[in-house]
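Take a look at the structure set out below.
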Amino acid sequence: MHNKSYQYYDLVMASFVTMLLLSNLLSSAKLIDLGIHIGSLKLIFDAGTLVFPISYIFGDILTEVYGYARSRRVIWTGFATTALMGFFVWLAGVLPGDADWQQYAGQSAYDVILGGISGLIIASLCAYWIGEFSNSYVLAKLKIATRGRWVWLRTISSTLVGQAVDTITFFTIAVALGVFPANAMLSLVVTNYILKVGIEVIFTPLTLQTIQWLKRAEQEDYYDYNTEFNPFHIQL
């Protein structure tokens with residue numbers, strides 16, 4: 001792969017990582033219930049779902065414009081920064097709190113909101129790793145198969161696969177580690193998948209415009225004909 005420099009690659013990467021970190025923080029903070037049901041199934045979702053699908057949109061943009069190999073580097077960057085955030089949230093939690101802080105907030109409040117983030121990060125890293133690489137792989141292969149046509153079909157199809165793998169993996173591990181109650185798992189999986197795919201579909205026109213603009217601005221439209229798709233092969 002050529003070592004061409006790009007004007008906006010770092011900006012897209014920073015946006016991707018920001019959405020990823022924010023989604024993990026929000027996921028540990030709150031479960032949202034808008035009072036919507038499908039039959040007897042209550043549709044609840046963690047607050048991170050509000051922003052996590054946006055990271056997939058940036059992932060689609062990265063793979064479509066810059067190719068799988070550069071997207072892979074961004075995925076690993078997101079993986080490392082998420083692990084780093086989890087470590088420091090845990091470290092802050094185990095260090096002794098100030099006496100005044102204990103009065104108006106307290107360790108129990110910290111533990112309730114952020115105490116489960118270690119288990120959340122483990123679940124998130126596993127799900128994110130599998131889901132993002134599935135998403136990028138499907139998108140890259142479909143681009144070759146469709147000869148660059150039907151971008152909307154590629155972005156939505158890759159999201160259907162990536163988000164399914166991500167959502168099921170994440171909540172299976174998170175429930176097993178006690179981050180979320182087991183009786184809420186089905187509702188969380190169904191609601192999160194519907195929302196994640198729905199947000200991707202809603203944002204598709206904007207995604208397509210951004211892709212077209214970036215391709216013109218960067219003078220790049222990469223096809224992964226000779227790409228090494230091994231996720232552990234991090235060199236370009």
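Just remember, in the structure tokens the first chain shown is A, the second B, etc., residues are 1-based per chain, and ligands are 1-based in the order shown.
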Could you give me, as a tab-separated table, every stretch 88-143 of chain A residue with an atom at most 9 Å from stretch 47-61 of chain A, plus its closest atom pair and distance in Å to one decimal, counting only C-alpha atoms, rows ordered by chain then number?
residue	atom	partner	partner_atom	distance
A:Glu132	CA	A:Tyr56	CA	7.3
A:Asn135	CA	A:Asp60	CA	7.7
A:Ser136	CA	A:Asp60	CA	6.8
A:Leu139	CA	A:Asp60	CA	7.3
Taking 6 positions as the minimum chain separation for residues in the same chain, which residues sit within 7 Å of stretch 151-159 of chain A when counting only C-alpha atoms? Answer as a PDB file with C-alpha atoms, in the first residue's frame.
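Full text of result.pdb as output:
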ATOM      1  CA  ASP A  60     -17.441   3.057   6.829  1.00  0.00           C
ATOM      2  CA  ASN A 135     -17.787  -4.237   9.272  1.00  0.00           C
ATOM      3  CA  VAL A 138     -17.546  -6.800   4.496  1.00  0.00           C
ATOM      4  CA  LEU A 139     -17.430  -3.227   3.176  1.00  0.00           C
ATOM      5  CA  LEU A 142     -18.419  -5.605  -1.299  1.00  0.00           C
ATOM      6  CA  LYS A 143     -16.672  -2.614  -2.866  1.00  0.00           C
ATOM      7  CA  VAL A 197     -28.872  -0.008  12.246  1.00  0.00           C
ATOM      8  CA  GLU A 200     -26.883   4.163  10.144  1.00  0.00           C
ATOM      9  CA  VAL A 201     -29.794   4.166   7.677  1.00  0.00           C
ATOM     10  CA  THR A 204     -26.811   7.312   5.009  1.00  0.00           C
TER      11      THR A 204
END
Nearest residue to A:Leu160 out of A:Gly93, A:Gly39, A:Gly198, A:Gly106, using only C-alpha atoms?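 Of the candidates, the smallest distance to A:Leu160 is held by A:Gly198.
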With distances taken over only C-alpha atoms, which of A:Ser28, A:Ser108, A:Thr210, A:Ser124 is nearest to A:Phe171?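 Answer, going by the shortest atom-to-atom distance: A:Ser124.
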Which of these, A:Gly131, A:Ile194, A:Tyr223, A:Ala217, has the shortest distance to A:Ile38 once you count only C-alpha atoms?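 Closest residue, counting only C-alpha atoms: A:Ile194.
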